[in-house]
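Only one structure is covered here, and it is reproduced in the block below.
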Amino acid sequence: MKLLKIILKLLIGCFICGLIIGIAGYAYYSKDLPDVASLKDVRLQTPLQVLSKDGELIAIFGERRRTPLKYDEIPQLVVNAVIATEDARFHEHFGIDPIGIIRAMYIGLKQKGFSQGGSTITQQVAKNFFLTPEKSISRKVKEMILAIRMEKELSKEEIMALYLNMINFGSRAYGVAAAAYTFFGKSPQDLTVDEAALLAGLPNAPSAFNPIAHPEKALTRRNWVLGRMLDQSYITQAQYDEAISKPLNVSYHAPQIEFSAPYVAEMARQFMYEKFGENAYTDGYKVYTTISKQDQIAATESVQKHIIDYDIRHGYRGPEKVLWKNNESPWDAEQIKKELEKYICYGGICPAVVIKASDSEATAVLTDSSNIVITYQGMKWARPFISDTQQGGFPKKVSDTIKAGQLIWVRKPQDNWELAQVPAVNAALVSLDSDNGAIKAIVGGYDFNLSKFNRATQALRQLGSNIKPFIYTATLEQGLTMATLLNDAPIVRTTGSETWRPKNSPPSYAGPLRLRIGLGMSKNVMMVRALRAVGIDYAASYLERFGFPKENISHNESLALGSASFTPLQVARAYSVIVNGGYLVTPYLIEKIEYYNNKDVIYQHQPLIACQNCNDEVQTTESTPASLDNVEDVANQTDNEEPELANMKSEDNLILPDMNKDNKSNDITPKYAPHTLSSGIAFIMKDGLRSTVFGGSDWQGTAWRVKSLGRKDVGGKTGTTNGSKDVWFSGFGGNIVTTVWMGFDDHRRELGRTFRAEAGAVTANPIWVDYMKVALKDVPVKEDVKPEDVISVTIDQRTGLLPQPGSQTMSEYFIKGTEPTHYATQEIGTKVTDSEGNTSELF
């Protein structure tokens with residue numbers, strides 16, 4: 001009896017000591033633990049998604065692929081498979097499972113192989129969210145404490161949802177939704193019993209059981225899970241027999257990108273990283289851009305097609321590399337494969353190694369080891385490139401150009417393979433909604449993988465004649481009209497020992513012409529005279545009304561010929577001012593930003609729009625009225641006021657939102673863009689830009705190719721700089737403004753010539769036309785409403801004055817008060833008639 005009392009006291013003492021130690025330990029390990037209630041609003045590490053305006057996926061940024069699901073979106077089949085595998089008593093325990101721990105220890109001592117761990121699903125959630133992966137007693141104690149607290153704070157369904165959305169399944173797939181797509185290309189709702197079992201078995205060791213890297217181990221693990229599901233009556237014997245007989249049938253599925261727009265994606269990524277740092281890639285942001293799939297694909301295809309066309313015109317520069325020569329032993333298949341794996345495809349142009357070449361065809365090997373055949377038809381374009389202005393003769397047979405041992409580039413535009421080459425030239429396109437500045441499509445170069453430099457927003461290039469509409473608009477502001485006569489005659493200006501001779505292109509001159517004709521036929525010397533009429537400083541300042549940075553604007557007469565440098569985006573914005581009635585809209589790319597749950601919108605763009613029926617004040621520029629008295633002035637002027645390249649501005653914060661402002665306001669009242677150009681003058685200049693397309697009764701505009709669109713509401717302007725270093729076309733249709741540039745990244749290199757000189761009309765304009773055919777497909781023809789201060793007057797075509805009887809006439813627009821008041825001089829006949837009725841010339 002005494003012994004029993006001693007034992008009882010000892011047990012009570014041990015219990016009290018254990019209780020004290022437990023309480024002390026709980027207090028010690030609990031003091032710095034986080035609040036598990038935070039799991040109710042936890043944000044799982046979810047990648048950044050960039051989408052089109054219609055919600056189509058463009059790009060994903062982030063190491064962890066995850067698509068969080070609500071509990072009711074997770075199939076019960078998957079939940080059962082996970083419970084059977086990881087935590088059979090999940091619905092019975094209070095966060096930790098003493099029975100499970102004892103059983104795991106017993107199985108571990110008794111046998112080797114796959115065994116259940118001692119941690120419950122709740123403990124795994126606690127460890128992954130709050131603790132480090134270190135293996136220590138203290139970490140395990142904290143894990144248990146957190147698990148108990150979680151069970152009190154959260155429901156079993158909430159804990160299971162956290163687990164299935166959080167856990168790593170391997171191959172960068174986190175969460176069951178990402179895993180289902182990564183390995184099977186389907187959603188969790190479509191998983192079969194065997195597939196659910198495979199996924200349930202992965203979290204225990206995602207690398208070791210990875211079904212792509214280790215299929216045999218994965219199959220064994222899957223079958224073990226199926227056995228557990230059968231033992232716990234989650235599946236029937238028949239389901240088990242069917243599932244266990246199936247092969248793995250897995251393959252890697254990359255995120256399903258709807259269409260490629262890498263320059264757009266990179267612009268969005270850069271902005272998000274600047275604002276949110278590394279969290280941009282983990283906090284589950286969805287960035288909706290303003291572009292559409294249809295327009296972006298059309299822009300990319302048009303840019304790439306015409307870059308290749310240019311490259312073909314200028315000849316073949318030779319193979320990328322010669323691997324072996326005629327007198328050397330050919331490489332074996334393994335050597336060729338390793339060499340090809342060093343290269344990637346660029347815009348559909350892929351590497352290949354020629355293994356055989358004859359007069360009629362060549363056989364080449366692709367990276368995937370498949371053979372292709374190139375016939376004469378697929379390489380007959382390849383006359384040798386000599387220089388940008390000179391090419392050799394066309395090849396007469398395949399072996400003239402393609403030889404065994406060469407590493408070449410090929411493409412397959414339709415059914416047959418063709419010889420190709422990675423282009424050296426580049427181009428950019430940017431398309432805007434002129435009414436609000438939304439970017440509809442943007443292409444920064446031939447291929448993002450070839451060059452990440454975004455020429456649409458970063459390349460500062462001289463405009464050439466693309467600048468003329470803006471300077472002509474300045475002259476309209478100062479009293480000139482589309483009917484004003486300017487002399488189309490050569491100009492010579494001498495400054496010291498230097499002589500400046502601006503020339504037309506082509507160098508032909510027609511004497512006095514109306515300003516409308518000078519714009520439509522892109523007469524350079526008329527533009528110089530127009531600039532002189534208003535003054536260089538006034539014209540330079542006036543350009544700022546179109547959003548051009550003053551740091552980029554030159555203050556000399558070469559400004560008339562487009563010596564100033566701007567980006568394609570800046571140019572498109574400027575043309576929008578003319579098209580939308582005089583409002584300086586701000587281009588933007590990001591429409592809204594959401595969190596992954598699609599409910600919390602953290603940014604909604606509210607663009608400044610062009611007002612179609614406003615009588616607000618218009619920005620003014622101090623000046624004196626235009627004068628035609630000094631347009632022939634050749635007084636000495638200096639040409640040293642050129643802007644420094646280092647001081648020029650490119651992006652100008654025009655594209656991405658200012659997250660520091662209140663962007664979640666419920667105020668939907670329209671906010672209008674600055675009115676920088678009178679609606680009347682914008683209307684007249686827009687009509688003038690139509691003349692470059694449709695010309696006149698006896699002359700053709702430089703942009704006549706645009707007529708192929710079959711629309712009346714189109715117009716635009718070509719641009720070509722000295723030596724054709726840069727070629728442009730900017731134009732509009734409906735409410736869409738698009739600018740295209742082409743040139744070399746090396747400013748010193750000229751586009752040159754082949755059968756004809758490269759120029760804006762023949763090189764850039766076709767890119768614009770092909771894109772606009774798609775962009776304008778569903779856009780109704782826009783009828784412009786004539787502003788109240790604009791009148792239509794019938795004029796004499798030759799003089800721009802009021803017509804005399806018998807004159808050739810046309811209708812012209814004028815701002816009220818600038819219309820002609822004098823009549824054209826009528827030539828008096830020089831024929832006389834004698835008394836017998838015979839006529840003859842007097843002189």
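Naming scheme: A, B, ... for chains in displayed order of the structure tokens; residues 1 onward per chain; ligands 1 onward as shown.
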Do a neighbour search on Glu642 in chain A at 9 Å with only C-alpha atoms, toss out local chain neighbours closer than 4 positions, and write the hits as a list in words.
Asn552, Ile553, Ser554, His555, Asn556, Ser563 and Ala564 of chain A
Please dump the current selection as an mmCIF file, in the first residue's frame; keep C-alpha atoms.
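Dumped everything to selection06.cif:
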data_model
loop_
_atom_site.group_PDB
_atom_site.id
_atom_site.type_symbol
_atom_site.label_atom_id
_atom_site.label_comp_id
_atom_site.auth_asym_id
_atom_site.auth_seq_id
_atom_site.Cartn_x
_atom_site.Cartn_y
_atom_site.Cartn_z
ATOM 1 C CA ASN A 552 13.935 67.494 -78.787
ATOM 2 C CA ILE A 553 13.056 70.419 -81.076
ATOM 3 C CA SER A 554 15.706 72.096 -83.209
ATOM 4 C CA HIS A 555 15.562 75.872 -83.774
ATOM 5 C CA ASN A 556 16.729 76.223 -87.349
ATOM 6 C CA SER A 563 15.496 67.255 -88.414
ATOM 7 C CA ALA A 564 13.862 67.003 -84.980
#
If we count only C-alpha atoms and set the cut-off at 12 Å, which residues sit around Pro506 in chain A, ignoring sequence neighbours fewer than 5 positions away in its own chain? Please answer as a PDB file with C-alpha atoms, in the first residue's frame.
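Written output follows (selection.pdb):
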ATOM      1  CA  MET A 521       2.949  66.080-102.739  1.00  0.00           C
ATOM      2  CA  SER A 522       5.368  66.665 -99.812  1.00  0.00           C
ATOM      3  CA  LYS A 523       7.208  69.619-101.352  1.00  0.00           C
ATOM      4  CA  ASN A 524      10.226  70.355 -99.163  1.00  0.00           C
ATOM      5  CA  VAL A 525      11.044  73.826-100.442  1.00  0.00           C
ATOM      6  CA  THR A 702       2.359  60.594-101.853  1.00  0.00           C
ATOM      7  CA  THR A 720      11.828  60.157 -95.347  1.00  0.00           C
ATOM      8  CA  ARG A 756      14.006  51.994-106.406  1.00  0.00           C
ATOM      9  CA  ALA A 757      14.986  54.083-103.389  1.00  0.00           C
ATOM     10  CA  ALA A 759      11.179  55.864 -98.770  1.00  0.00           C
TER      11      ALA A 759
END
For range 170-182 of chain A, find every residue with an atom within 6 Å (counting only C-alpha atoms), except residues of its own chain fewer than 5 positions away, and show them as a ChimeraX atom specification.
/A:64-67,164-165,187-188,206,252-253
Rank nothing, just name the residue among A:Ser302, A:Thr85, A:Thr282, A:Thr481 nearest to Leu226 in chain A, using only C-alpha atoms.
A:Thr85
Quick one: residues within 7 Å of Asn454 in chain A, only C-alpha atoms counted, chain neighbours fewer than 6 positions away excluded, as a PyMOL selection string?
chain A and resi 263+444-445
Taking C-alpha atoms for each residue, export the selection above as a short mmCIF file (atom, residue, chain, number, x, y, z; two decimals), in the first residue's frame.
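And here is the file that came out, again.cif:
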data_model
loop_
_atom_site.label_atom_id
_atom_site.label_comp_id
_atom_site.auth_asym_id
_atom_site.auth_seq_id
_atom_site.Cartn_x
_atom_site.Cartn_y
_atom_site.Cartn_z
CA TYR A 263 6.85 44.36 -75.91
CA GLY A 444 8.84 47.58 -80.72
CA GLY A 445 10.87 45.58 -83.24
#
For CA of Leu340 in chain A and CA of Lys325 in chain A, quote the distance in Å rounded to one decimal.
17.5 Å
How many Å separate CA of Thr763 in chain A from CA of Val727 in chain A?
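These atoms are spaced 7.0 Å apart.
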Mind listing the strand (DSSP E) residues of range 715-804 of chain A, per DSSP on the backbone, as a PyMOL selection string?
chain A and resi 715-720+726-733+736-743+790-796
Run DSSP on the backbone of this structure and report the residues of range 280-392 of chain A it assigns to alpha helix (DSSP H), as a list in words.
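Residues of range 280-392 of chain A classed as alpha helix (DSSP H): Lys293, Gln294, Asp295, Gln296, Ile297, Ala298, Ala299, Thr300, Glu301, Ser302, Val303, Gln304, Lys305, His306, Ile307, Ile308, Asp309, Tyr310, Asp311, Ile312, Arg313, Ala333, Glu334, Gln335, Ile336, Lys337, Lys338, Glu339 and Leu340 of chain A.
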For Tyr472 in chain A, which residue out of A:Lys356, A:Lys686, A:Lys337, A:Lys412 is the nearest one, using only C-alpha atoms?
A:Lys686
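Contact shell of Gln808 in chain A at 8 Å (only C-alpha atoms; same-chain neighbours under 4 positions omitted): Asp796, Gln797, Arg798 and Pro803 of chain A.
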Within 12 Å of Asn326 in chain A, counting only C-alpha atoms, which residues show up once you throw out same-chain ones fewer than 2 positions away? Write them as a PyMOL selection string, please.
chain A and resi 322-324+328-331+354-357+403-406
Residue subset to file, keeping C-alpha atoms, as a PDB file, in the first residue's frame:
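Result written to out32.pdb:
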ATOM      1  CA  VAL A 322      30.207  27.278 -91.993  1.00  0.00           C
ATOM      2  CA  LEU A 323      30.533  24.069 -89.980  1.00  0.00           C
ATOM      3  CA  TRP A 324      32.502  22.071 -92.542  1.00  0.00           C
ATOM      4  CA  GLU A 328      36.248  18.195 -94.820  1.00  0.00           C
ATOM      5  CA  SER A 329      34.380  15.352 -93.127  1.00  0.00           C
ATOM      6  CA  PRO A 330      30.707  16.140 -92.508  1.00  0.00           C
ATOM      7  CA  TRP A 331      29.529  16.454 -88.931  1.00  0.00           C
ATOM      8  CA  VAL A 354      22.624  21.945 -94.763  1.00  0.00           C
ATOM      9  CA  ILE A 355      23.668  18.305 -95.185  1.00  0.00           C
ATOM     10  CA  LYS A 356      23.265  18.052 -98.959  1.00  0.00           C
ATOM     11  CA  ALA A 357      22.928  20.512-101.850  1.00  0.00           C
ATOM     12  CA  LYS A 403      26.231  24.398 -99.751  1.00  0.00           C
ATOM     13  CA  ALA A 404      26.614  21.407 -97.442  1.00  0.00           C
ATOM     14  CA  GLY A 405      28.087  22.303 -94.055  1.00  0.00           C
ATOM     15  CA  GLN A 406      26.444  25.723 -93.826  1.00  0.00           C
TER      16      GLN A 406
END
Can you work out which one of A:Val528, A:Ile159, A:Asp770, A:Thr818 has the shortest atom-to-atom distance to Trp500 in chain A, counting only C-alpha atoms?
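Nearest candidate to Trp500 in chain A out of A:Val528, A:Ile159, A:Asp770, A:Thr818: A:Val528.
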Pick from A:Thr46, A:Gln458, A:Ser360, A:Ser697 nearest to Gln377 in chain A, counting only C-alpha atoms:
A:Ser360
